[in-house]
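Listing of my_file-v5.cif, mmCIF, C-alpha atoms
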```cif
data_upload
loop_
_atom_site.group_PDB
_atom_site.id
_atom_site.type_symbol
_atom_site.label_atom_id
_atom_site.label_comp_id
_atom_site.auth_asym_id
_atom_site.auth_seq_id
_atom_site.Cartn_x
_atom_site.Cartn_y
_atom_site.Cartn_z
ATOM 1 C CA MET A 1 173.215 3.916 225.654
ATOM 2 C CA HIS A 2 170.532 6.437 226.546
ATOM 3 C CA THR A 3 167.237 6.313 228.443
ATOM 4 C CA ARG A 4 164.009 5.943 226.491
ATOM 5 C CA LYS A 5 160.346 5.588 227.379
ATOM 6 C CA LEU A 6 158.498 3.136 225.115
ATOM 7 C CA GLU A 7 154.922 1.891 225.041
ATOM 8 C CA GLY A 8 155.120 -1.861 224.679
ATOM 9 C CA ILE A 9 154.083 -5.365 225.613
ATOM 10 C CA ILE A 10 156.216 -8.375 226.493
ATOM 11 C CA ILE A 11 155.593 -11.040 223.860
ATOM 12 C CA SER A 12 158.007 -13.659 225.191
ATOM 13 C CA GLU A 13 160.568 -14.210 227.913
ATOM 14 C CA SER A 14 163.494 -16.512 228.646
ATOM 15 C CA ASN A 15 165.650 -17.011 231.711
ATOM 16 C CA TYR A 16 169.145 -15.554 231.619
ATOM 17 C CA SER A 17 171.815 -16.389 234.185
ATOM 18 C CA GLU A 18 170.593 -17.301 237.671
ATOM 19 C CA SER A 19 168.443 -14.258 238.311
ATOM 20 C CA SER A 20 167.641 -12.367 235.115
ATOM 21 C CA LYS A 21 165.455 -12.640 232.014
ATOM 22 C CA ILE A 22 165.706 -11.664 228.377
ATOM 23 C CA LEU A 23 162.421 -10.087 227.300
ATOM 24 C CA ASN A 24 161.214 -9.735 223.734
ATOM 25 C CA LEU A 25 159.379 -6.459 223.859
ATOM 26 C CA TYR A 26 157.024 -5.320 221.108
ATOM 27 C CA THR A 27 156.982 -1.529 221.184
ATOM 28 C CA LYS A 28 154.845 0.950 219.325
ATOM 29 C CA GLU A 29 157.811 3.166 218.560
ATOM 30 C CA LEU A 30 160.591 0.712 217.650
ATOM 31 C CA GLY A 31 158.896 -2.573 216.846
ATOM 32 C CA ILE A 32 160.397 -5.643 218.506
ATOM 33 C CA ILE A 33 163.494 -5.235 220.659
ATOM 34 C CA SER A 34 165.295 -7.418 223.183
ATOM 35 C CA VAL A 35 165.698 -6.180 226.744
ATOM 36 C CA ILE A 36 167.468 -7.672 229.732
ATOM 37 C CA SER A 37 165.623 -7.473 233.041
ATOM 38 C CA LYS A 38 168.469 -7.811 235.505
ATOM 39 C CA GLY A 39 167.769 -9.635 238.750
ATOM 40 C CA CYS A 40 164.033 -9.852 238.068
ATOM 41 C CA ARG A 41 163.805 -13.480 239.198
ATOM 42 C CA ARG A 42 164.825 -12.538 242.724
ATOM 43 C CA ILE A 43 161.910 -12.456 245.176
ATOM 44 C CA LYS A 44 162.565 -8.881 246.274
ATOM 45 C CA SER A 45 163.268 -7.454 242.826
ATOM 46 C CA ASN A 46 161.218 -4.420 241.800
ATOM 47 C CA LEU A 47 161.210 -5.817 238.265
ATOM 48 C CA ARG A 48 159.827 -9.248 239.192
ATOM 49 C CA SER A 49 156.127 -8.435 238.658
ATOM 50 C CA VAL A 50 156.698 -6.508 235.399
ATOM 51 C CA SER A 51 158.947 -8.984 233.576
ATOM 52 C CA SER A 52 156.416 -11.534 232.365
ATOM 53 C CA LYS A 53 154.634 -12.155 229.071
ATOM 54 C CA LEU A 54 151.540 -9.985 228.505
ATOM 55 C CA THR A 55 152.864 -7.137 230.651
ATOM 56 C CA TYR A 56 151.705 -3.979 228.858
ATOM 57 C CA GLY A 57 152.921 -0.552 229.852
ATOM 58 C CA ASN A 58 155.364 2.287 229.408
ATOM 59 C CA PHE A 59 158.822 0.759 229.631
ATOM 60 C CA ILE A 60 161.756 2.866 230.776
ATOM 61 C CA ILE A 61 164.885 1.328 229.314
ATOM 62 C CA SER A 62 168.533 2.043 228.823
ATOM 63 C CA TYR A 63 168.428 1.721 225.062
ATOM 64 C CA LYS A 64 171.191 0.225 222.947
ATOM 65 C CA GLU A 65 170.393 0.547 219.253
ATOM 66 C CA ASN A 66 172.297 -2.463 217.956
ATOM 67 C CA GLY A 67 172.405 -4.596 221.051
ATOM 68 C CA LEU A 68 170.664 -5.654 224.224
ATOM 69 C CA SER A 69 168.862 -2.845 226.033
ATOM 70 C CA THR A 70 168.373 -2.850 229.808
ATOM 71 C CA LEU A 71 165.037 -2.537 231.596
ATOM 72 C CA ILE A 72 164.913 0.157 234.275
ATOM 73 C CA SER A 73 161.223 0.282 235.238
ATOM 74 C CA VAL A 74 157.678 -0.164 233.932
ATOM 75 C CA ASP A 75 154.569 1.937 234.396
ATOM 76 C CA ILE A 76 151.822 -0.673 233.946
ATOM 77 C CA LEU A 77 148.962 0.263 231.627
ATOM 78 C CA ASP A 78 147.240 -3.136 231.809
ATOM 79 C CA ASN A 79 148.304 -6.509 233.200
ATOM 80 C CA PHE A 80 145.384 -8.360 231.576
ATOM 81 C CA LYS A 81 144.686 -10.196 234.817
ATOM 82 C CA ASN A 82 141.392 -11.674 233.569
ATOM 83 C CA ILE A 83 143.137 -13.322 230.653
ATOM 84 C CA LEU A 84 145.534 -15.065 233.011
ATOM 85 C CA THR A 85 142.744 -16.869 234.878
ATOM 86 C CA ASP A 86 141.436 -18.812 231.867
ATOM 87 C CA ILE A 87 143.366 -21.394 229.817
ATOM 88 C CA LYS A 88 141.404 -20.624 226.642
ATOM 89 C CA ASN A 89 142.127 -16.909 226.921
ATOM 90 C CA ILE A 90 145.794 -17.564 227.690
ATOM 91 C CA SER A 91 146.079 -19.844 224.666
ATOM 92 C CA TYR A 92 144.454 -17.416 222.231
ATOM 93 C CA SER A 93 146.414 -14.477 223.636
ATOM 94 C CA THR A 94 149.676 -16.403 223.267
ATOM 95 C CA TYR A 95 148.775 -17.080 219.657
ATOM 96 C CA ILE A 96 147.936 -13.483 218.788
ATOM 97 C CA LEU A 97 151.123 -12.277 220.476
ATOM 98 C CA GLU A 98 153.085 -14.632 218.236
ATOM 99 C CA LEU A 99 151.043 -13.652 215.192
ATOM 100 C CA ALA A 100 151.499 -9.933 215.864
ATOM 101 C CA SER A 101 155.249 -10.359 216.285
ATOM 102 C CA GLN A 102 155.488 -12.065 212.883
ATOM 103 C CA VAL A 103 153.354 -9.407 211.205
ATOM 104 C CA ALA A 104 155.433 -6.656 212.840
ATOM 105 C CA LYS A 105 158.611 -8.129 211.353
ATOM 106 C CA GLN A 106 157.119 -7.617 207.893
ATOM 107 C CA ASN A 107 155.328 -4.319 208.455
ATOM 108 C CA ASP A 108 156.270 -1.619 210.995
ATOM 109 C CA ASN A 109 152.914 0.178 210.783
ATOM 110 C CA GLU A 110 151.774 1.228 214.270
ATOM 111 C CA ASP A 111 148.319 -0.150 213.488
ATOM 112 C CA VAL A 112 149.732 -3.660 213.877
ATOM 113 C CA PHE A 113 150.596 -2.839 217.489
ATOM 114 C CA ASN A 114 147.352 -0.982 218.171
ATOM 115 C CA LEU A 115 145.211 -3.827 216.816
ATOM 116 C CA LEU A 116 147.022 -6.300 219.071
ATOM 117 C CA ILE A 117 146.437 -4.217 222.193
ATOM 118 C CA SER A 118 142.784 -3.590 221.295
ATOM 119 C CA SER A 119 142.252 -7.334 220.818
ATOM 120 C CA LEU A 120 143.849 -8.232 224.143
ATOM 121 C CA LYS A 121 141.742 -5.631 225.928
ATOM 122 C CA LYS A 122 138.542 -7.105 224.496
ATOM 123 C CA ILE A 123 139.537 -10.642 225.500
ATOM 124 C CA ASN A 124 140.349 -9.316 228.965
ATOM 125 C CA GLU A 125 136.885 -7.725 229.118
ATOM 126 C CA GLY A 126 135.340 -11.150 228.583
ATOM 127 C CA LEU A 127 134.550 -11.164 224.870
ATOM 128 C CA ASP A 128 134.990 -14.485 223.092
ATOM 129 C CA ALA A 129 138.711 -14.957 222.476
ATOM 130 C CA SER A 130 138.194 -17.181 219.441
ATOM 131 C CA ILE A 131 136.085 -14.565 217.648
ATOM 132 C CA ILE A 132 138.390 -11.675 218.540
ATOM 133 C CA THR A 133 141.261 -13.734 217.152
ATOM 134 C CA LEU A 134 139.425 -14.274 213.857
ATOM 135 C CA ILE A 135 138.805 -10.539 213.557
ATOM 136 C CA LEU A 136 142.474 -9.803 214.151
ATOM 137 C CA GLU A 137 143.525 -12.428 211.607
ATOM 138 C CA VAL A 138 141.291 -10.795 209.002
ATOM 139 C CA LYS A 139 142.675 -7.333 209.743
ATOM 140 C CA TYR A 140 146.324 -8.428 209.661
ATOM 141 C CA LEU A 141 146.090 -9.763 206.099
ATOM 142 C CA LYS A 142 146.647 -6.385 204.480
ATOM 143 C CA TYR A 143 149.710 -5.722 206.646
ATOM 144 C CA LEU A 144 151.143 -9.013 205.413
ATOM 145 C CA GLY A 145 150.547 -7.898 201.830
ATOM 146 C CA ILE A 146 147.977 -10.628 201.160
ATOM 147 C CA ASP A 147 144.716 -8.712 201.481
ATOM 148 C CA ILE A 148 141.450 -10.430 200.551
ATOM 149 C CA SER A 149 138.756 -9.311 198.129
ATOM 150 C CA ILE A 150 135.878 -8.386 200.404
ATOM 151 C CA ASP A 151 134.056 -5.602 198.525
ATOM 152 C CA GLY A 152 133.315 -7.618 195.416
ATOM 153 C CA CYS A 153 133.997 -10.812 193.545
ATOM 154 C CA SER A 154 137.706 -11.656 193.507
ATOM 155 C CA ASN A 155 137.374 -12.657 189.850
ATOM 156 C CA CYS A 156 135.195 -10.004 188.191
ATOM 157 C CA GLY A 157 134.832 -7.337 190.880
ATOM 158 C CA SER A 158 131.041 -7.421 190.959
ATOM 159 C CA SER A 159 129.401 -6.731 194.316
ATOM 160 C CA GLU A 160 126.186 -8.443 193.225
ATOM 161 C CA ASN A 161 125.122 -12.026 193.984
ATOM 162 C CA ILE A 162 128.091 -12.980 196.173
ATOM 163 C CA ILE A 163 127.504 -16.628 197.074
ATOM 164 C CA THR A 164 130.723 -17.879 198.701
ATOM 165 C CA LEU A 165 134.353 -17.143 199.487
ATOM 166 C CA ASN A 166 137.371 -19.122 198.436
ATOM 167 C CA SER A 167 140.962 -19.056 199.733
ATOM 168 C CA GLU A 168 142.547 -20.037 196.427
ATOM 169 C CA LYS A 169 140.762 -17.253 194.538
ATOM 170 C CA GLY A 170 141.394 -14.682 197.258
ATOM 171 C CA GLY A 171 137.981 -13.847 198.680
ATOM 172 C CA TYR A 172 134.393 -13.437 197.527
ATOM 173 C CA ILE A 173 132.983 -15.338 194.562
ATOM 174 C CA CYS A 174 129.836 -14.216 192.746
ATOM 175 C CA ARG A 175 127.233 -16.448 191.137
ATOM 176 C CA GLU A 176 128.484 -15.696 187.610
ATOM 177 C CA CYS A 177 132.073 -16.679 188.433
ATOM 178 C CA TYR A 178 131.238 -19.663 190.598
ATOM 179 C CA THR A 179 132.578 -23.008 189.386
ATOM 180 C CA ASN A 180 132.761 -25.713 192.028
ATOM 181 C CA GLU A 181 133.981 -23.843 195.120
ATOM 182 C CA LYS A 182 132.689 -24.912 198.515
ATOM 183 C CA ILE A 183 129.594 -22.915 199.468
ATOM 184 C CA VAL A 184 129.511 -21.047 202.773
ATOM 185 C CA SER A 185 126.468 -19.589 204.457
ATOM 186 C CA GLU A 186 125.124 -16.127 203.655
ATOM 187 C CA LYS A 187 125.790 -15.215 207.291
ATOM 188 C CA THR A 188 129.462 -16.103 206.934
ATOM 189 C CA ILE A 189 129.773 -13.876 203.861
ATOM 190 C CA LYS A 190 128.269 -10.920 205.741
ATOM 191 C CA VAL A 191 130.301 -11.504 208.901
ATOM 192 C CA MET A 192 133.605 -11.681 206.998
ATOM 193 C CA ARG A 193 133.008 -8.186 205.643
ATOM 194 C CA LEU A 194 131.978 -6.975 209.099
ATOM 195 C CA PHE A 195 135.195 -8.377 210.574
ATOM 196 C CA TYR A 196 137.217 -6.561 207.942
ATOM 197 C CA TYR A 197 135.765 -3.124 208.695
ATOM 198 C CA VAL A 198 134.733 -3.268 212.359
ATOM 199 C CA ASP A 199 136.562 -1.074 214.893
ATOM 200 C CA ILE A 200 137.691 -3.552 217.559
ATOM 201 C CA ASP A 201 137.664 -0.840 220.225
ATOM 202 C CA LYS A 202 133.936 -0.300 219.679
ATOM 203 C CA ILE A 203 132.882 -3.950 219.991
ATOM 204 C CA THR A 204 130.710 -4.529 223.054
ATOM 205 C CA LYS A 205 129.048 -7.840 222.221
ATOM 206 C CA LEU A 206 129.834 -10.911 220.145
ATOM 207 C CA ASP A 207 127.314 -13.615 219.400
ATOM 208 C CA LEU A 208 127.946 -15.882 216.437
ATOM 209 C CA ALA A 209 126.675 -19.332 215.535
ATOM 210 C CA ALA A 210 129.221 -22.131 215.794
ATOM 211 C CA ASN A 211 128.884 -22.892 212.076
ATOM 212 C CA THR A 212 129.761 -19.295 211.135
ATOM 213 C CA ILE A 213 132.841 -19.366 213.350
ATOM 214 C CA LYS A 214 133.853 -22.718 211.865
ATOM 215 C CA GLU A 215 133.489 -21.537 208.256
ATOM 216 C CA ILE A 216 135.454 -18.331 208.837
ATOM 217 C CA ASN A 217 138.173 -20.161 210.733
ATOM 218 C CA SER A 218 138.456 -22.750 207.972
ATOM 219 C CA PHE A 219 138.801 -20.058 205.306
ATOM 220 C CA LEU A 220 141.436 -18.143 207.270
ATOM 221 C CA GLU A 221 143.478 -21.243 208.080
ATOM 222 C CA GLU A 222 143.579 -22.159 204.394
ATOM 223 C CA TYR A 223 144.352 -18.589 203.368
ATOM 224 C CA TYR A 224 147.198 -18.124 205.858
ATOM 225 C CA ASP A 225 148.639 -21.534 204.969
ATOM 226 C CA ARG A 226 148.477 -20.727 201.279
ATOM 227 C CA TYR A 227 149.797 -17.159 201.227
ATOM 228 C CA SER A 228 151.385 -15.995 204.482
ATOM 229 C CA GLY A 229 154.398 -18.286 204.805
ATOM 230 C CA LEU A 230 154.001 -18.134 208.587
ATOM 231 C CA TYR A 231 154.400 -21.103 210.890
ATOM 232 C CA LEU A 232 153.193 -20.407 214.415
ATOM 233 C CA LYS A 233 153.793 -23.004 217.115
ATOM 234 C CA SER A 234 150.960 -21.641 219.273
ATOM 235 C CA LYS A 235 148.478 -22.247 216.436
ATOM 236 C CA HIS A 236 149.114 -25.979 216.706
ATOM 237 C CA PHE A 237 148.309 -25.888 220.413
ATOM 238 C CA LEU A 238 145.077 -24.009 219.691
ATOM 239 C CA SER A 239 144.066 -26.774 217.286
ATOM 240 C CA ILE A 240 144.642 -29.369 220.007
ATOM 241 C CA LEU A 241 142.717 -27.287 222.538
ATOM 242 C CA ASN A 242 139.727 -26.837 220.238
ATOM 243 C CA ASN A 243 139.583 -30.535 219.352
ATOM 244 C CA LYS A 244 139.306 -31.677 222.961
#
```
Kindly transcribe the structure held in the file into structure tokens.
Amino acid sequence: MHTRKLEGIIISESNYSESSKILNLYTKELGIISVISKGCRRIKSNLRSVSSKLTYGNFIISYKENGLSTLISVDILDNFKNILTDIKNISYSTYILELASQVAKQNDNEDVFNLLISSLKKINEGLDASIITLILEVKYLKYLGIDISIDGCSNCGSSENIITLNSEKGGYICRECYTNEKIVSEKTIKVMRLFYYVDIDKITKLDLAANTIKEINSFLEEYYDRYSGLYLKSKHFLSILNNK
């Protein structure tokens, strides 16, 4: 084993023995690796405060390529303390951590990591977690290899007279190609394209009508269910939370 410094975030944790934890660490450099944080559950452990989910920083580890690495220390970059004070933010952040981990298993592009961190930062700043999550879901589609048609009709390619979007047909539908697909609002059509191209780091304000959020969420749920093959336990909890 040798010492490495990795930028990463803890996406999940589990107790190990009486005093330690196994951490699933999503790193920019190596993707997802497992790390043991020895003795971190002890009150006086220096690793106690840096061995929990959502800890983001530069991790110093004793790295074992084909086995369990060992955590040495962490230089915190952000502990997302504002997220941890709100159940809605915690729930959405848990979901996007799980989503990002599944995307990362299929695509090792660093952008997958960077988009996750940017999204968490915006939620921590107080932007609406549900909208940030929708933006991230839109952006992750291409890394899953199931990109949507957002620059023109998914059937004919025309950018004129776009009147709806459809999960089965893969995106926008123009008036000429429309059959009996469910119609969404003009606002939803515009916002979907904005979500696709917006730089998350540059977002300072989010203000969307409930109907627009609902239509985009409905499309993305259908699209992910149809094409992604992902099953995320945290998504089910979000559904329960939003139906309260």
Quiz prompt | Which residue of A:Tyr172, A:Tyr178, A:Phe237, A:Phe113 approaches Gly31 (chain A) most closely, using all atoms listed in the file | solution =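 So, comparing all the options, the nearest one is A:Phe113.
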The PyMOL selection byres ((chain A and resi 22) around 6) - which residues does that actually catch in the file I just gave you? List them as a compact mmCIF listing (two decimals) with C-alpha atoms, keeping the file's coordinate frame.
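Just written: selection-v6.txt:
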```txt
# COMPACT_ATOMS: atom_id res chain seq x y z
CA GLU A 13 160.57 -14.21 227.91
CA SER A 14 163.49 -16.51 228.65
CA LYS A 21 165.46 -12.64 232.01
CA LEU A 23 162.42 -10.09 227.30
CA VAL A 35 165.70 -6.18 226.74
CA ILE A 36 167.47 -7.67 229.73
```
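A straight line drawn from CA of Cys174 (chain A) to CA of Glu215 (chain A) is 17.5 Å long.
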Practice problem: Have a look at A:Ser159, A:Asn66, A:Ser45, A:Thr133 and name the one nearest to Leu116 (chain A); count only C-alpha atoms. | Solution: A:Thr133
Exercise. Go through A:Gly145, A:Lys169, A:Leu136, A:Ile240 and flag the residue nearest Tyr197 (chain A), using all atoms listed in the file for the distances.
Key: A:Leu136
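Reported to one decimal place, the separation of CA of Ala210 (chain A) from CA of Tyr223 (chain A) is 19.9 Å.
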Practice problem: Mind giving me the straight-line distance from CA of Ser167 (chain A) to CA of Ile213 (chain A) in Å, one decimal? | Solution: 15.9 Å
Wanna dump the region 117-165 of chain A-region 83-105 of chain A contacts at 8 Å for me, each residue with its shortest atom pair and the distance in Å to one decimal, counting only C-alpha atoms, ordered by chain and number, as CSV?
```
residue,atom,partner,partner_atom,distance
A:Leu120,CA,A:Ser93,CA,6.8
A:Ile123,CA,A:Ile83,CA,6.8
A:Asn124,CA,A:Ile83,CA,5.2
A:Ala129,CA,A:Asn89,CA,5.9
A:Ser130,CA,A:Tyr92,CA,6.9
A:Thr133,CA,A:Ile96,CA,6.9
A:Tyr140,CA,A:Val103,CA,7.3
A:Tyr143,CA,A:Val103,CA,6.9
A:Leu144,CA,A:Val103,CA,6.2
```
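This file gives the following result for the PyMOL selection byres ((chain A and resi 46-56) around 7): Gly8, Ile9, Ile10, Ile11, Ser12, Glu13, Ser37, Cys40, Arg41, Arg42, Lys44, Ser45, Gly57, Ser73, Val74, Ile76, Leu77, Asp78 and Asn79 of chain A.
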Quiz item: From the list A:Ile162, A:Ile173, A:Val184, A:Ile135, which residue is nearest Tyr196 (chain A) when using all atoms listed in the file?
Solution: A:Ile135
Quiz item: Using all atoms listed in the file, which residue out of A:Asn217, A:Asn242, A:Ser34, A:Asn82 lies closest to Gly67 (chain A)?
Solution: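 Looking at the shortest contact to Gly67 (chain A), the residue is A:Ser34.
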Quiz item: So what does the PyMOL selection byres ((chain A and resi 72) around 7) actually pick up in this one, as a PyMOL selection string?
Solution: chain A and resi 60-62+70-71+73
Residues just named, written with C-alpha atoms as a compact mmCIF listing (two decimals), in the frame of the given file:
```txt
# COMPACT_ATOMS: atom_id res chain seq x y z
CA ILE A 60 161.76 2.87 230.78
CA ILE A 61 164.88 1.33 229.31
CA SER A 62 168.53 2.04 228.82
CA THR A 70 168.37 -2.85 229.81
CA LEU A 71 165.04 -2.54 231.60
CA SER A 73 161.22 0.28 235.24
```
Around the point (126.4, -9.2, 183.5) in the file's coordinates, collect all residues with an atom within 12 Å, using only C-alpha atoms, and return them as a compact mmCIF listing (two decimals) with C-alpha atoms, in the frame of the given file.
```txt
# COMPACT_ATOMS: atom_id res chain seq x y z
CA CYS A 156 135.20 -10.00 188.19
CA GLY A 157 134.83 -7.34 190.88
CA SER A 158 131.04 -7.42 190.96
CA SER A 159 129.40 -6.73 194.32
CA GLU A 160 126.19 -8.44 193.22
CA ASN A 161 125.12 -12.03 193.98
CA CYS A 174 129.84 -14.22 192.75
CA ARG A 175 127.23 -16.45 191.14
CA GLU A 176 128.48 -15.70 187.61
CA CYS A 177 132.07 -16.68 188.43
```
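Shell of Lys139 (chain A) at 9 Å, with only C-alpha atoms counted and residues fewer than 5 places along the chain excluded, is Val112, Leu115, Leu134, Asp147, Phe195, Tyr196 and Tyr197 of chain A.
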I need the residues from that last selection saved to file as a PDB file, in the frame of the given file (with C-alpha atoms), if you can.
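Written file, again.pdb:
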```
ATOM      1  CA  VAL A 112     149.732  -3.660 213.877  1.00  0.00           C
ATOM      2  CA  LEU A 115     145.211  -3.827 216.816  1.00  0.00           C
ATOM      3  CA  LEU A 134     139.425 -14.274 213.857  1.00  0.00           C
ATOM      4  CA  ASP A 147     144.716  -8.712 201.481  1.00  0.00           C
ATOM      5  CA  PHE A 195     135.195  -8.377 210.574  1.00  0.00           C
ATOM      6  CA  TYR A 196     137.217  -6.561 207.942  1.00  0.00           C
ATOM      7  CA  TYR A 197     135.765  -3.124 208.695  1.00  0.00           C
TER       8      TYR A 197
END
```
Quiz item: Do you know which residues are at most 12 Å from Ala209 (chain A) counting all atoms listed in the file, after dropping those on the same chain fewer than 4 positions away, and could you put them as a VMD selection string?
Solution: chain A and resid 131 185 187 to 188 191 213 to 216
Quiz item: Out of A:Asn166, A:Ser239, A:Thr204, A:Ser20, which residue has the shortest atom-to-atom distance to Ser154 (chain A) when counting all atoms listed in the file?
Solution: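 Closest candidate: A:Asn166.
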Kindly provide, as AutoDock Vina command-line options, the centre and edge lengths (Å, one decimal) of an axis-aligned box around all atoms of region 70-82 of chain A given in the file, with 8 Å on each side.
```
--center_x 154.9 --center_y -4.9 --center_z 232.5 --size_x 43.0 --size_y 29.6 --size_z 21.4
```
Since the input is missing atoms for region 222-240 of chain A, could you rebuild it with N, CA and C atoms and give the result as an mmCIF file, in the frame of the given file?
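Generated output (rebuild-v6.cif):
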```
data_model
loop_
_atom_site.group_PDB
_atom_site.id
_atom_site.type_symbol
_atom_site.label_atom_id
_atom_site.label_comp_id
_atom_site.auth_asym_id
_atom_site.auth_seq_id
_atom_site.Cartn_x
_atom_site.Cartn_y
_atom_site.Cartn_z
ATOM 1 N N GLU A 222 143.147 -21.839 205.756
ATOM 2 C CA GLU A 222 143.579 -22.159 204.394
ATOM 3 C C GLU A 222 144.305 -20.974 203.758
ATOM 4 N N TYR A 223 143.774 -19.789 203.980
ATOM 5 C CA TYR A 223 144.352 -18.589 203.368
ATOM 6 C C TYR A 223 145.743 -18.303 203.921
ATOM 7 N N TYR A 224 145.886 -18.353 205.237
ATOM 8 C CA TYR A 224 147.198 -18.124 205.858
ATOM 9 C C TYR A 224 148.197 -19.196 205.418
ATOM 10 N N ASP A 225 147.749 -20.450 205.398
ATOM 11 C CA ASP A 225 148.639 -21.534 204.969
ATOM 12 C C ASP A 225 149.093 -21.344 203.521
ATOM 13 N N ARG A 226 148.190 -20.850 202.705
ATOM 14 C CA ARG A 226 148.477 -20.727 201.279
ATOM 15 C C ARG A 226 149.370 -19.525 200.958
ATOM 16 N N TYR A 227 149.159 -18.398 201.655
ATOM 17 C CA TYR A 227 149.797 -17.159 201.227
ATOM 18 C C TYR A 227 150.747 -16.493 202.229
ATOM 19 N N SER A 228 150.626 -16.786 203.513
ATOM 20 C CA SER A 228 151.385 -15.995 204.482
ATOM 21 C C SER A 228 152.822 -16.458 204.682
ATOM 22 N N GLY A 229 153.060 -17.756 204.538
ATOM 23 C CA GLY A 229 154.398 -18.286 204.805
ATOM 24 C C GLY A 229 154.740 -18.352 206.276
ATOM 25 N N LEU A 230 153.758 -18.120 207.143
ATOM 26 C CA LEU A 230 154.001 -18.134 208.587
ATOM 27 C C LEU A 230 153.782 -19.528 209.162
ATOM 28 N N TYR A 231 154.632 -19.898 210.102
ATOM 29 C CA TYR A 231 154.400 -21.103 210.890
ATOM 30 C C TYR A 231 154.434 -20.702 212.349
ATOM 31 N N LEU A 232 153.310 -20.842 213.029
ATOM 32 C CA LEU A 232 153.193 -20.407 214.415
ATOM 33 C C LEU A 232 152.956 -21.611 215.327
ATOM 34 N N LYS A 233 153.891 -21.845 216.223
ATOM 35 C CA LYS A 233 153.793 -23.004 217.115
ATOM 36 C C LYS A 233 152.522 -22.964 217.960
ATOM 37 N N SER A 234 152.132 -21.773 218.397
ATOM 38 C CA SER A 234 150.960 -21.641 219.273
ATOM 39 C C SER A 234 149.672 -21.987 218.542
ATOM 40 N N LYS A 235 149.664 -21.887 217.214
ATOM 41 C CA LYS A 235 148.478 -22.247 216.436
ATOM 42 C C LYS A 235 148.210 -23.741 216.546
ATOM 43 N N HIS A 236 149.263 -24.528 216.570
ATOM 44 C CA HIS A 236 149.114 -25.979 216.706
ATOM 45 C C HIS A 236 148.473 -26.322 218.047
ATOM 46 N N PHE A 237 148.896 -25.630 219.097
ATOM 47 C CA PHE A 237 148.309 -25.888 220.413
ATOM 48 C C PHE A 237 146.832 -25.503 220.440
ATOM 49 N N LEU A 238 146.475 -24.416 219.763
ATOM 50 C CA LEU A 238 145.077 -24.009 219.691
ATOM 51 C C LEU A 238 144.236 -25.103 219.032
ATOM 52 N N SER A 239 144.774 -25.701 217.990
ATOM 53 C CA SER A 239 144.066 -26.774 217.286
ATOM 54 C C SER A 239 143.815 -27.948 218.230
ATOM 55 N N ILE A 240 144.802 -28.284 219.027
ATOM 56 C CA ILE A 240 144.642 -29.369 220.007
ATOM 57 C C ILE A 240 143.594 -28.994 221.039
#
```
